[in-house]
>>> print(open('my_file.txt').read())   # compact mmCIF, C-alpha atoms
# COMPACT_ATOMS: atom_id res chain seq x y z
CA MET A 234 94.94 82.69 115.46
CA ILE A 235 97.94 82.27 113.21
CA LEU A 236 98.68 85.16 110.89
CA ASN A 237 98.51 84.28 107.25
CA PRO A 238 101.62 85.60 105.51
CA ASP A 239 100.16 84.67 102.11
CA ASP A 240 97.10 86.78 102.80
CA THR A 241 97.34 89.87 100.69
CA LYS A 242 95.93 91.94 103.56
CA PRO A 243 98.64 93.82 105.43
CA ILE A 244 99.58 92.28 108.79
CA TYR A 245 98.29 95.29 110.73
CA VAL A 246 94.86 94.88 109.13
CA GLN A 247 94.89 91.20 110.08
CA ILE A 248 95.76 92.18 113.65
CA ALA A 249 92.95 94.76 113.77
CA GLU A 250 90.44 92.25 112.41
CA TRP A 251 91.56 89.64 114.93
CA ILE A 252 91.02 92.05 117.83
CA GLU A 253 87.58 92.93 116.40
CA THR A 254 86.68 89.25 116.32
CA GLU A 255 87.90 88.86 119.91
CA ILE A 256 85.58 91.71 120.91
CA LEU A 257 82.66 90.22 118.93
CA ASN A 258 83.23 86.85 120.63
CA GLY A 259 83.01 88.59 123.99
CA HIS A 260 86.63 87.94 124.98
CA PHE A 261 86.98 91.64 125.70
CA GLN A 262 84.19 93.66 127.33
CA SER A 263 83.60 97.41 127.18
CA ASP A 264 86.24 99.44 129.02
CA GLU A 265 88.47 96.40 129.29
CA LYS A 266 92.13 96.79 128.37
CA VAL A 267 93.19 95.03 125.16
CA TYR A 268 96.66 93.71 124.35
CA SER A 269 99.51 96.20 124.12
CA GLN A 270 101.59 96.53 120.96
CA TYR A 271 104.40 94.65 122.72
CA GLN A 272 102.14 91.78 123.78
CA LEU A 273 100.84 91.50 120.22
CA ALA A 274 104.39 91.61 118.87
CA GLU A 275 105.36 88.78 121.20
CA MET A 276 102.25 86.71 120.46
CA PHE A 277 102.53 86.85 116.68
CA THR A 278 106.28 87.44 116.24
CA ILE A 279 105.65 90.71 114.45
CA ASN A 280 107.24 94.13 114.67
CA PRO A 281 105.71 96.20 117.51
CA ALA A 282 105.31 99.13 115.10
CA THR A 283 103.08 96.94 112.93
CA ALA A 284 101.05 95.91 115.99
CA ALA A 285 100.70 99.58 116.99
CA LYS A 286 99.43 100.41 113.53
CA GLY A 287 96.70 97.79 113.92
CA LEU A 288 95.70 99.20 117.31
CA ASN A 289 95.69 102.77 115.97
CA LEU A 290 93.46 101.70 113.10
CA LEU A 291 90.86 100.60 115.66
CA ALA A 292 91.36 103.77 117.71
CA ASP A 293 90.72 105.87 114.59
CA GLU A 294 87.47 103.97 114.08
CA GLN A 295 86.58 104.57 117.74
CA ILE A 296 86.41 100.87 118.48
CA LEU A 297 89.25 101.33 120.96
CA TYR A 298 90.21 104.38 122.98
CA LYS A 299 93.57 105.44 124.37
CA LYS A 300 94.28 106.14 128.01
CA ARG A 301 97.54 107.97 128.19
CA GLY A 302 100.26 105.76 129.63
CA LEU A 303 97.82 102.93 130.34
CA GLY A 304 97.11 101.49 126.91
CA MET A 305 94.13 100.83 124.68
CA PHE A 306 90.64 100.05 125.98
CA VAL A 307 87.44 98.77 124.36
CA ALA A 308 84.98 101.58 123.60
CA THR A 309 81.45 101.40 125.01
CA ASN A 310 79.75 100.78 121.68
CA ALA A 311 82.59 98.80 120.15
CA LYS A 312 80.52 95.70 119.39
CA GLU A 313 77.80 97.66 117.59
CA ALA A 314 80.43 99.65 115.69
CA ILE A 315 82.16 96.48 114.48
CA VAL A 316 78.88 94.86 113.44
CA HIS A 317 77.86 98.03 111.62
CA LYS A 318 81.23 98.31 109.89
CA ARG A 319 81.29 94.69 108.76
CA ARG A 320 77.71 94.92 107.47
CA SER A 321 78.32 98.03 105.44
CA GLY A 322 81.86 97.13 104.40
CA THR A 323 82.83 93.48 104.28
CA LEU A 324 79.39 92.04 103.60
CA LYS A 325 78.58 94.63 100.96
CA GLN A 326 81.80 93.86 99.14
CA LEU A 327 81.15 90.12 99.28
CA ILE A 328 77.70 90.70 97.82
CA GLN A 329 79.15 92.79 95.00
CA GLU A 330 81.54 89.98 94.14
CA LEU A 331 78.67 87.50 94.35
CA VAL A 332 76.54 89.52 91.95
CA LEU A 333 79.45 89.92 89.53
CA GLU A 334 80.15 86.18 89.51
CA ALA A 335 76.43 85.45 89.04
CA GLU A 336 76.39 87.76 86.02
CA ARG A 337 79.38 85.99 84.50
CA LEU A 338 77.55 82.69 84.88
CA SER A 339 74.29 84.29 83.67
CA ILE A 340 72.39 83.29 86.78
CA LYS A 341 69.03 85.04 87.06
CA GLU A 342 68.23 87.17 90.09
CA SER A 343 65.46 84.82 91.25
CA GLU A 344 67.82 81.87 90.90
CA LEU A 345 70.49 83.66 92.97
CA LEU A 346 67.98 84.48 95.70
CA GLU A 347 66.91 80.82 95.79
CA MET A 348 70.56 79.80 96.22
CA ILE A 349 71.00 82.24 99.10
CA LYS A 350 67.81 80.98 100.75
CA ALA A 351 68.95 77.38 100.40
CA ALA A 352 72.34 78.23 101.92
CA ARG A 353 70.70 80.00 104.84
CA LYS A 354 68.37 77.03 105.43
CA LYS A 355 71.32 74.64 105.47
CA GLU A 356 73.18 76.92 107.90
CA GLY A 357 70.09 77.12 110.16
CA SER A 358 69.57 73.34 110.34
CA GLN A 359 73.11 72.70 111.52
CA MET B 110 118.71 109.76 116.91
CA ASN B 111 120.01 108.37 113.65
CA VAL B 112 122.21 105.35 114.22
CA ILE B 113 123.27 105.10 110.59
CA GLU B 114 123.72 107.95 108.14
CA CYS B 115 125.01 107.43 104.63
CA ASN B 116 125.38 110.22 102.15
CA GLY B 117 126.55 109.52 98.61
CA LEU B 118 128.38 106.42 99.78
CA THR B 119 130.53 104.82 97.10
CA LYS B 120 132.69 101.73 97.10
CA ALA B 121 134.66 100.64 94.06
CA TYR B 122 136.39 97.34 93.46
CA PHE B 123 138.80 97.37 90.53
CA ARG B 124 137.38 100.68 89.28
CA LYS B 125 133.89 99.25 89.19
CA ASN B 126 131.42 100.88 91.57
CA VAL B 127 129.56 98.38 93.72
CA LEU B 128 127.97 101.09 95.84
CA ASN B 129 127.16 104.07 93.72
CA GLY B 130 126.15 107.10 95.78
CA LEU B 131 124.01 105.36 98.39
CA THR B 132 122.06 107.74 100.66
CA PHE B 133 119.84 106.76 103.58
CA THR B 134 119.44 107.09 107.35
CA ILE B 135 118.30 104.55 109.91
CA GLU B 136 116.77 105.63 113.21
CA GLU B 137 117.50 104.13 116.57
CA ASN B 138 115.74 100.89 117.61
CA LYS B 139 114.18 100.14 114.25
CA ILE B 140 114.35 96.77 112.55
CA THR B 141 115.16 97.35 108.90
CA GLY B 142 115.31 94.77 106.14
CA LEU B 143 118.09 95.26 103.61
CA ILE B 144 116.79 93.84 100.35
CA GLY B 145 118.38 93.60 96.93
CA ARG B 146 119.37 91.13 94.25
CA ASN B 147 122.58 89.14 94.26
CA GLY B 148 125.63 91.33 93.83
CA VAL B 149 124.07 94.75 94.43
CA GLY B 150 126.43 95.46 97.30
CA LYS B 151 124.47 94.46 100.42
CA THR B 152 127.44 92.69 101.96
CA THR B 153 129.81 95.51 100.95
CA LEU B 154 127.48 97.99 102.64
CA VAL B 155 127.22 96.09 105.92
CA LYS B 156 130.99 95.58 106.01
CA ILE B 157 131.49 99.33 105.69
CA LEU B 158 128.92 99.96 108.44
CA ALA B 159 130.64 97.49 110.75
CA GLY B 160 133.96 99.21 110.06
CA LEU B 161 135.58 96.20 108.41
CA ILE B 162 136.31 97.89 105.09
CA LYS B 163 136.74 101.50 104.07
CA GLU B 164 134.48 103.35 101.67
CA THR B 165 135.91 104.83 98.47
CA SER B 166 134.07 108.15 98.74
CA GLY B 167 130.99 109.72 100.26
CA GLU B 168 130.03 110.02 103.88
CA VAL B 169 129.18 107.29 106.36
CA ARG B 170 128.35 107.78 110.03
CA VAL B 171 127.54 105.07 112.57
CA PHE B 172 126.68 106.42 116.04
CA GLU B 173 127.72 109.76 114.56
CA GLN B 174 131.28 108.51 114.03
CA HIS B 175 133.26 107.25 111.09
CA PRO B 176 133.11 103.46 111.50
CA PHE B 177 136.34 102.34 109.83
CA ASN B 178 138.99 101.25 112.37
CA ASN B 179 136.88 102.74 115.14
CA LEU B 180 136.91 101.09 118.58
CA TYR B 181 133.55 102.57 119.59
CA THR B 182 131.95 101.05 116.49
CA SER B 183 133.58 97.66 117.10
CA ALA B 184 132.35 97.46 120.68
CA ASN B 185 128.79 98.53 119.85
CA THR B 186 128.28 96.85 116.49
CA ILE B 187 128.17 93.20 115.61
CA LEU B 188 128.05 91.80 112.09
CA VAL B 189 126.70 88.27 111.96
CA ASP B 190 127.32 86.40 108.72
CA ASP B 191 128.67 83.05 107.55
CA GLN B 192 132.21 84.39 107.34
CA MET B 193 132.58 85.27 111.03
CA PHE B 194 136.05 84.35 112.15
CA PHE B 195 136.71 82.63 115.45
CA PRO B 196 140.07 81.40 116.77
CA PRO B 197 140.31 77.71 115.74
CA ALA B 198 142.03 76.71 119.00
CA LEU B 199 139.08 77.65 121.21
CA GLN B 200 136.11 75.47 122.12
CA LEU B 201 132.58 76.85 121.79
CA HIS B 202 132.25 77.65 125.50
CA GLU B 203 135.60 79.45 125.42
CA LEU B 204 134.40 81.49 122.44
CA LEU B 205 131.47 82.68 124.56
CA GLU B 206 133.85 83.78 127.30
CA VAL B 207 136.03 85.67 124.84
CA ALA B 208 132.94 87.32 123.34
CA GLN B 209 131.90 88.40 126.83
CA SER B 210 135.14 90.33 127.22
CA PHE B 211 134.50 92.06 123.88
CA TYR B 212 130.94 93.22 124.25
CA PRO B 213 129.82 95.36 127.22
CA ASN B 214 126.15 94.28 127.01
CA TRP B 215 126.92 90.56 126.67
CA ASP B 216 124.35 88.27 128.34
CA MET B 217 126.15 85.04 129.27
CA GLU B 218 123.04 83.37 130.66
CA LEU B 219 121.15 83.89 127.39
CA ALA B 220 124.12 82.60 125.38
CA GLN B 221 124.36 79.45 127.47
CA ARG B 222 120.63 78.78 127.43
CA LEU B 223 120.55 79.13 123.63
CA LEU B 224 123.61 76.87 123.30
CA GLN B 225 121.81 74.25 125.35
CA TYR B 226 118.46 74.68 123.58
CA PHE B 227 120.07 74.11 120.19
CA SER B 228 121.97 71.11 121.68
CA PHE B 229 125.51 72.29 121.05
CA ASP B 230 128.34 70.43 122.73
CA PRO B 231 130.29 73.24 124.48
CA SER B 232 133.57 71.40 123.98
CA HIS B 233 133.26 71.30 120.17
CA TYR B 234 135.20 73.57 117.83
CA HIS B 235 133.66 76.16 115.52
CA GLN B 236 135.21 74.92 112.28
CA THR B 237 133.81 71.40 112.74
CA LEU B 238 130.22 72.69 112.69
CA SER B 239 128.03 72.11 109.64
CA LYS B 240 126.74 75.07 107.57
CA GLY B 241 123.41 75.32 109.39
CA ARG B 242 125.01 74.80 112.81
CA THR B 243 127.60 77.50 112.04
CA SER B 244 124.79 79.96 111.26
CA THR B 245 122.99 78.94 114.45
CA PHE B 246 126.08 79.43 116.62
CA ASN B 247 126.88 82.79 114.97
CA MET B 248 123.29 83.86 115.63
CA ILE B 249 123.71 83.00 119.34
CA ILE B 250 126.77 85.28 119.46
CA GLY B 251 124.78 87.97 117.62
CA LEU B 252 121.84 87.84 120.03
CA ALA B 253 123.79 87.52 123.28
CA SER B 254 126.13 90.41 122.41
CA ARG B 255 123.11 92.78 122.51
CA CYS B 256 125.01 95.35 120.46
CA SER B 257 123.22 98.69 119.95
CA LEU B 258 123.64 98.03 116.24
CA THR B 259 123.13 94.41 115.30
CA ILE B 260 123.68 93.59 111.62
CA LEU B 261 122.61 90.20 110.35
CA ASP B 262 123.79 89.37 106.83
CA GLU B 263 121.83 86.39 105.51
CA PRO B 264 121.62 84.98 109.04
CA THR B 265 119.57 81.89 108.23
CA THR B 266 121.85 80.41 105.54
CA GLY B 267 121.70 76.63 105.89
CA MET B 268 119.35 76.66 108.89
CA ASP B 269 116.46 74.21 108.72
CA GLU B 270 112.86 75.44 108.86
CA ALA B 271 112.44 74.81 112.60
CA VAL B 272 115.64 76.62 113.55
CA ARG B 273 114.69 79.59 111.31
CA LYS B 274 111.36 79.94 113.09
CA ASP B 275 113.04 79.66 116.49
CA PHE B 276 115.63 82.20 115.43
CA TYR B 277 113.12 84.87 114.33
CA ARG B 278 111.10 84.30 117.48
CA ALA B 279 114.20 84.55 119.69
CA LEU B 280 115.24 87.72 117.86
CA MET B 281 111.82 89.33 118.38
CA LYS B 282 111.58 88.33 122.05
CA ASP B 283 115.04 89.65 122.84
CA TYR B 284 114.40 92.82 120.82
CA LEU B 285 111.20 93.52 122.79
CA ALA B 286 113.06 93.10 126.08
CA HIS B 287 116.16 94.97 124.89
CA PRO B 288 115.33 97.27 121.94
CA ARG B 289 118.20 97.95 119.59
CA THR B 290 118.83 98.90 115.99
CA ILE B 291 118.76 95.82 113.79
CA LEU B 292 119.62 95.56 110.11
CA ILE B 293 118.82 92.23 108.44
CA SER B 294 119.80 91.46 104.90
CA SER B 295 118.02 88.59 103.26
CA HIS B 296 116.90 87.25 99.91
CA HIS B 297 113.73 85.97 101.53
CA LEU B 298 111.63 89.03 102.24
CA ASN B 299 108.53 86.93 102.83
CA GLU B 300 110.39 85.14 105.61
CA ILE B 301 111.40 88.29 107.48
CA GLU B 302 108.72 90.82 106.56
CA ASP B 303 106.62 90.23 109.69
CA ILE B 304 109.38 91.31 112.04
CA LEU B 305 110.47 94.33 109.98
CA GLU B 306 109.43 97.91 110.48
CA ASP B 307 111.15 99.33 107.38
CA VAL B 308 112.50 98.00 104.13
CA LEU B 309 115.56 99.41 102.38
CA LEU B 310 115.62 98.27 98.77
CA ILE B 311 118.89 98.61 96.87
CA LYS B 312 119.37 98.49 93.12
CA ASN B 313 122.54 99.28 91.14
CA GLY B 314 124.31 100.47 94.30
CA LYS B 315 121.65 103.10 95.04
CA THR B 316 118.66 103.35 97.34
CA LEU B 317 115.62 102.42 95.29
CA LEU B 318 113.07 102.57 98.06
CA HIS B 319 113.05 103.13 101.83
CA GLU B 320 109.52 102.59 103.14
CA SER B 321 107.73 101.11 106.09
CA ILE B 322 106.74 97.52 105.39
CA SER B 323 103.01 98.23 105.72
CA ASP B 324 103.25 101.10 103.20
CA LEU B 325 105.16 98.82 100.88
CA LYS B 326 102.29 96.33 100.89
CA GLU B 327 99.93 99.08 99.74
CA TRP B 328 102.42 100.84 97.50
CA ALA B 329 101.51 98.96 94.35
CA ILE B 330 98.55 97.10 92.96
CA ALA B 331 98.05 94.59 90.17
CA LEU B 332 95.41 94.94 87.49
CA GLN B 333 94.16 91.88 85.71
CA GLY B 334 91.68 91.72 82.88
CA ALA B 335 91.21 91.85 79.13
CA SER B 336 94.36 93.34 77.56
CA THR B 337 92.61 96.23 75.80
CA VAL B 338 90.81 97.29 78.96
CA VAL B 339 93.87 97.01 81.20
CA GLN B 340 96.02 98.86 78.65
CA LYS B 341 93.60 101.77 78.86
CA TRP B 342 94.28 102.07 82.61
CA LEU B 343 98.04 101.88 82.09
CA VAL B 344 98.15 105.07 80.03
CA GLU B 345 100.28 107.69 81.78
CA ARG B 346 101.12 105.24 84.53
CA ASN B 347 104.53 103.75 85.08
CA CYS B 348 104.09 100.01 84.69
CA ILE B 349 106.37 98.08 87.05
CA PHE B 350 105.71 94.62 85.72
CA GLN B 351 103.44 93.07 83.17
CA ARG B 352 102.71 89.62 81.89
CA GLN B 353 100.35 88.14 79.37
CA VAL B 354 98.21 85.47 81.01
CA GLY B 355 96.30 83.06 78.81
CA LYS B 356 94.88 84.27 75.54
CA ASP B 357 93.85 87.83 76.10
CA THR B 358 94.42 88.60 79.75
CA LEU B 359 97.01 91.06 80.97
CA TYR B 360 98.45 91.18 84.48
CA ALA B 361 100.08 94.53 85.18
CA VAL B 362 101.58 95.99 88.35
CA VAL B 363 101.48 99.77 88.83
CA ARG B 364 101.85 102.27 91.66
CA ASP B 365 98.55 102.36 93.54
CA ASP B 366 97.34 105.92 92.97
CA PHE B 367 93.81 105.00 91.95
CA THR B 368 90.94 106.91 93.50
CA LYS B 369 87.92 105.03 94.74
CA GLU B 370 85.94 106.25 91.72
CA ASN B 371 88.72 105.05 89.38
CA LYS B 372 88.60 101.63 90.96
CA GLU B 373 84.86 101.29 90.76
CA GLU B 374 84.89 102.33 87.12
CA ALA B 375 87.66 99.83 86.32
CA LEU B 376 85.84 97.08 88.21
CA ARG B 377 82.72 97.67 86.11
CA GLY B 378 84.91 97.42 83.02
CA GLY B 379 85.96 93.95 84.14
CA VAL B 380 89.36 94.77 85.64
CA GLU B 381 90.30 92.86 88.73
CA PHE B 382 92.45 94.55 91.40
CA ILE B 383 94.86 92.20 93.15
CA PRO B 384 97.13 93.29 96.00
CA VAL B 385 100.83 92.62 95.42
CA LYS B 386 102.93 90.83 98.01
CA ALA B 387 105.85 92.87 99.33
CA SER B 388 108.34 90.20 98.28
CA ASP B 389 106.94 90.03 94.74
CA LEU B 390 106.98 93.81 94.47
CA CYS B 391 110.66 93.89 95.41
CA VAL B 392 111.42 91.34 92.72
CA TYR B 393 109.51 93.36 90.11
CA LEU B 394 111.18 96.60 91.15
CA THR B 395 114.67 95.15 90.97
CA ASN B 396 114.16 93.47 87.61
CA ASP B 397 115.94 95.18 84.74
CA THR B 398 113.19 94.36 82.28
CA LYS B 399 109.44 94.65 82.66
CA GLY B 400 108.71 91.08 81.64
CA GLY B 401 111.35 89.37 83.78
CA ILE B 402 112.86 86.07 82.63
CA ASP B 403 110.17 85.73 79.97
CA ASP B 404 111.85 88.51 77.98
CA VAL B 405 114.88 86.28 77.44
CA PHE B 406 112.76 83.71 75.66
CA GLU B 407 110.88 86.26 73.53
CA ARG B 408 112.37 86.05 70.06
>>> encode(input="my_file.txt", output="structure tokens")
Amino acid sequence: MILNPDDTKPIYVQIAEWIETEILNGHFQSDEKVYSQYQLAEMFTINPATAAKGLNLLADEQILYKKRGLGMFVATNAKEAIVHKRRSGTLKQLIQELVLEAERLSIKESELLEMIKAARKKEGSQ
Amino acid sequence: MNVIECNGLTKAYFRKNVLNGLTFTIEENKITGLIGRNGVGKTTLVKILAGLIKETSGEVRVFEQHPFNNLYTSANTILVDDQMFFPPALQLHELLEVAQSFYPNWDMELAQRLLQYFSFDPSHYHQTLSKGRTSTFNMIIGLASRCSLTILDEPTTGMDEAVRKDFYRALMKDYLAHPRTILISSHHLNEIEDILEDVLLIKNGKTLLHESISDLKEWAIALQGASTVVQKWLVERNCIFQRQVGKDTLYAVVRDDFTKENKEEALRGGVEFIPVKASDLCVYLTNDTKGGIDDVFER
């Protein structure tokens, strides 16, 4: 992944989301050690304090846990926690934006549902 | 430990104050970006910190000592800029040897590897180098000296895109291996923001803001929507920047102190919340007028 400096999300959030995706993709298993703040700083040419902030964000959400002096490890239910968080957070927000845009274009609810169904069908056939 | 402490620092040239009661502290091993518009005194400040010029009044401490004419400061501080002076009679490789005798932490192997990587001819002379090559060579001296306080004043002047990227990467790699206090002044915050921990924003010779870079990104927010609706949300808020977009749309930047309920209510009213880039925020904050250049053309 290359960090997107034009993204309006802070870098530490981008780092946290990238680690989450790595966990979702199965690159890190439960109780496996993730990158240290210094490794992340080296990989992305970012300040180690920024990298640490990203890691701490995930520790606060109990997706990672700290072992003193050893680093950050993937929590047992990390995958479920990430899926749950993205469903209730990211997806919900996207849907809100979708509904708002549909209202602006005066698209009826049934029409919107049809569009979603069509998109899902297309995705499934690929 | 605080590496730099300034308290009410003032510097006057011809009775005009360039620095006007500047107060801030910088902790050990942090990378801080020194940001400000042209002529606000960034270069004056770093020259005082490096002990090259003397302050007019106020207090300045570097490594808990007064930096002016101080041997301890000279041995442990390096100021890299495009005015670095090197003896014209010495070839580049001789300059490295001289630098080695100056700086106790000097890493000759790193200096030579960088010289080779950037394809310098060691037998060339410093004053024959082009603008970008001068900056690159000065940067090599700055990195290899490994001074506990490394000050970089507009270090990438004239460097091409590839060299800039290499430079920031080299700086970060060497910093991770050998942590030290680094102060970088630049006009291009977006170019350096990733490697910074803190930002020190200067306006009119005073500290305007000293925040961590991630807080700075969330410090302000932009509201965009129908003018009447946005205006309603600006009441009792200090507007940092505003611009009329199109016929009846207002874009306004304010301090982000909205509660979640506030935001949801505003969203329903048709206001869009847009995060503000750190570099844009710094421009807005250092503008003297709220409308920027557009105000000049308003008649």
>>> residues_around(input="my_file.txt", residues="Leu332 in chain B", least_positions_apart="6", cutoff="7 Å", atoms="only C-alpha atoms", output="list in words")
Val339, Tyr360, Ala361, Val362, Val380, Glu381, Phe382 and Ile383 of chain B
>>> interface_residues(input="my_file.txt", of="chain B", to="chain A", cutoff="8 Å", atoms="all atoms listed in the file", output="short mmCIF file (atom, residue, chain, number, x, y, z; two decimals) with C-alpha atoms, in the coordinates of the input")
data_model
loop_
_atom_site.label_atom_id
_atom_site.label_comp_id
_atom_site.auth_asym_id
_atom_site.auth_seq_id
_atom_site.Cartn_x
_atom_site.Cartn_y
_atom_site.Cartn_z
CA ILE B 140 114.35 96.77 112.55
CA TYR B 277 113.12 84.87 114.33
CA ARG B 278 111.10 84.30 117.48
CA MET B 281 111.82 89.33 118.38
CA LYS B 282 111.58 88.33 122.05
CA LEU B 285 111.20 93.52 122.79
CA ASN B 299 108.53 86.93 102.83
CA ASP B 303 106.62 90.23 109.69
CA ILE B 304 109.38 91.31 112.04
CA LEU B 305 110.47 94.33 109.98
CA GLU B 306 109.43 97.91 110.48
CA SER B 323 103.01 98.23 105.72
CA LYS B 326 102.29 96.33 100.89
CA GLU B 327 99.93 99.08 99.74
CA PRO B 384 97.13 93.29 96.00
CA VAL B 385 100.83 92.62 95.42
CA LYS B 386 102.93 90.83 98.01
#
>>> residues_around(input="my_file.txt", residues="range 113-122 of chain B", least_positions_apart="6", cutoff="6 Å", atoms="only C-alpha atoms", output="PDB file with C-alpha atoms, keeping the file's coordinate frame")
ATOM      1  CA  LEU B 128     127.970 101.090  95.840  1.00  0.00           C
ATOM      2  CA  ASN B 129     127.160 104.070  93.720  1.00  0.00           C
ATOM      3  CA  GLY B 130     126.150 107.100  95.780  1.00  0.00           C
ATOM      4  CA  LEU B 131     124.010 105.360  98.390  1.00  0.00           C
ATOM      5  CA  THR B 132     122.060 107.740 100.660  1.00  0.00           C
ATOM      6  CA  PHE B 133     119.840 106.760 103.580  1.00  0.00           C
ATOM      7  CA  THR B 134     119.440 107.090 107.350  1.00  0.00           C
ATOM      8  CA  ILE B 135     118.300 104.550 109.910  1.00  0.00           C
ATOM      9  CA  GLU B 164     134.480 103.350 101.670  1.00  0.00           C
ATOM     10  CA  THR B 165     135.910 104.830  98.470  1.00  0.00           C
ATOM     11  CA  SER B 166     134.070 108.150  98.740  1.00  0.00           C
ATOM     12  CA  GLY B 167     130.990 109.720 100.260  1.00  0.00           C
ATOM     13  CA  GLU B 168     130.030 110.020 103.880  1.00  0.00           C
ATOM     14  CA  VAL B 169     129.180 107.290 106.360  1.00  0.00           C
ATOM     15  CA  ARG B 170     128.350 107.780 110.030  1.00  0.00           C
ATOM     16  CA  VAL B 171     127.540 105.070 112.570  1.00  0.00           C
TER      17      VAL B 171
END
>>> atom_distance(input="my_file.txt", atom1="CA of Ile315 in chain A", atom2="CA of Leu291 in chain A")
9.7 Å
>>> residues_around(input="my_file.txt", residues="Leu297 in chain A", least_positions_apart="4", cutoff="12 Å", atoms="only C-alpha atoms", output="JSON, numbers by chain")
{"A": [249, 252, 253, 256, 261, 262, 263, 264, 265, 266, 267, 268, 269, 287, 288, 289, 290, 291, 292, 293, 304, 305, 306, 307, 308, 309, 310, 311, 312, 314, 315]}
>>> write_last_selection(input="my_file.txt", atoms="C-alpha atoms", output="PDB file, in the coordinates of the input")
ATOM      1  CA  ALA A 249      92.950  94.760 113.770  1.00  0.00           C
ATOM      2  CA  ILE A 252      91.020  92.050 117.830  1.00  0.00           C
ATOM      3  CA  GLU A 253      87.580  92.930 116.400  1.00  0.00           C
ATOM      4  CA  ILE A 256      85.580  91.710 120.910  1.00  0.00           C
ATOM      5  CA  PHE A 261      86.980  91.640 125.700  1.00  0.00           C
ATOM      6  CA  GLN A 262      84.190  93.660 127.330  1.00  0.00           C
ATOM      7  CA  SER A 263      83.600  97.410 127.180  1.00  0.00           C
ATOM      8  CA  ASP A 264      86.240  99.440 129.020  1.00  0.00           C
ATOM      9  CA  GLU A 265      88.470  96.400 129.290  1.00  0.00           C
ATOM     10  CA  LYS A 266      92.130  96.790 128.370  1.00  0.00           C
ATOM     11  CA  VAL A 267      93.190  95.030 125.160  1.00  0.00           C
ATOM     12  CA  TYR A 268      96.660  93.710 124.350  1.00  0.00           C
ATOM     13  CA  SER A 269      99.510  96.200 124.120  1.00  0.00           C
ATOM     14  CA  GLY A 287      96.700  97.790 113.920  1.00  0.00           C
ATOM     15  CA  LEU A 288      95.700  99.200 117.310  1.00  0.00           C
ATOM     16  CA  ASN A 289      95.690 102.770 115.970  1.00  0.00           C
ATOM     17  CA  LEU A 290      93.460 101.700 113.100  1.00  0.00           C
ATOM     18  CA  LEU A 291      90.860 100.600 115.660  1.00  0.00           C
ATOM     19  CA  ALA A 292      91.360 103.770 117.710  1.00  0.00           C
ATOM     20  CA  ASP A 293      90.720 105.870 114.590  1.00  0.00           C
ATOM     21  CA  GLY A 304      97.110 101.490 126.910  1.00  0.00           C
ATOM     22  CA  MET A 305      94.130 100.830 124.680  1.00  0.00           C
ATOM     23  CA  PHE A 306      90.640 100.050 125.980  1.00  0.00           C
ATOM     24  CA  VAL A 307      87.440  98.770 124.360  1.00  0.00           C
ATOM     25  CA  ALA A 308      84.980 101.580 123.600  1.00  0.00           C
ATOM     26  CA  THR A 309      81.450 101.400 125.010  1.00  0.00           C
ATOM     27  CA  ASN A 310      79.750 100.780 121.680  1.00  0.00           C
ATOM     28  CA  ALA A 311      82.590  98.800 120.150  1.00  0.00           C
ATOM     29  CA  LYS A 312      80.520  95.700 119.390  1.00  0.00           C
ATOM     30  CA  ALA A 314      80.430  99.650 115.690  1.00  0.00           C
ATOM     31  CA  ILE A 315      82.160  96.480 114.480  1.00  0.00           C
TER      32      ILE A 315
END
>>> atom_distance(input="my_file.txt", atom1="CA of Asp190 in chain B", atom2="CA of Thr265 in chain B")
9.0 Å
>>> atom_distance(input="my_file.txt", atom1="CA of Asn396 in chain B", atom2="CA of Trp342 in chain B")
22.2 Å
>>> residues_around(input="my_file.txt", residues="Arg222 in chain B", least_positions_apart="4", cutoff="12 Å", atoms="only C-alpha atoms", output="list in words")
His202, Leu205, Asp216, Met217, Glu218, Tyr226, Phe227, Ser228, Phe229, Pro231, Ile249, Ile250, Leu252, Ala253 and Ala279 of chain B
>>> residues_near_point(input="my_file.txt", point="(131.0, 94.2, 124.0)", cutoff="8 Å", atoms="all atoms listed in the file", output="CSV table (one decimal) with C-alpha atoms, in the frame of the given file")
chain,number,residue,atom,x,y,z
B,184,ALA,CA,132.4,97.5,120.7
B,185,ASN,CA,128.8,98.5,119.8
B,208,ALA,CA,132.9,87.3,123.3
B,209,GLN,CA,131.9,88.4,126.8
B,210,SER,CA,135.1,90.3,127.2
B,211,PHE,CA,134.5,92.1,123.9
B,212,TYR,CA,130.9,93.2,124.2
B,213,PRO,CA,129.8,95.4,127.2
B,214,ASN,CA,126.2,94.3,127.0
B,215,TRP,CA,126.9,90.6,126.7
B,254,SER,CA,126.1,90.4,122.4
B,256,CYS,CA,125.0,95.4,120.5
>>> residues_around(input="my_file.txt", residues="Arg242 in chain B", least_positions_apart="2", cutoff="12 Å", atoms="all atoms listed in the file", output="MDAnalysis selection string")
chainID B and resid 191 201 224 227:230 233:240 244:249 264:269 272:273
>>> closest_residue(input="my_file.txt", among="B:Asp365, B:Gly150, B:Thr141, B:Leu325", to="Lys125 in chain B", atoms="all atoms listed in the file")
B:Gly150
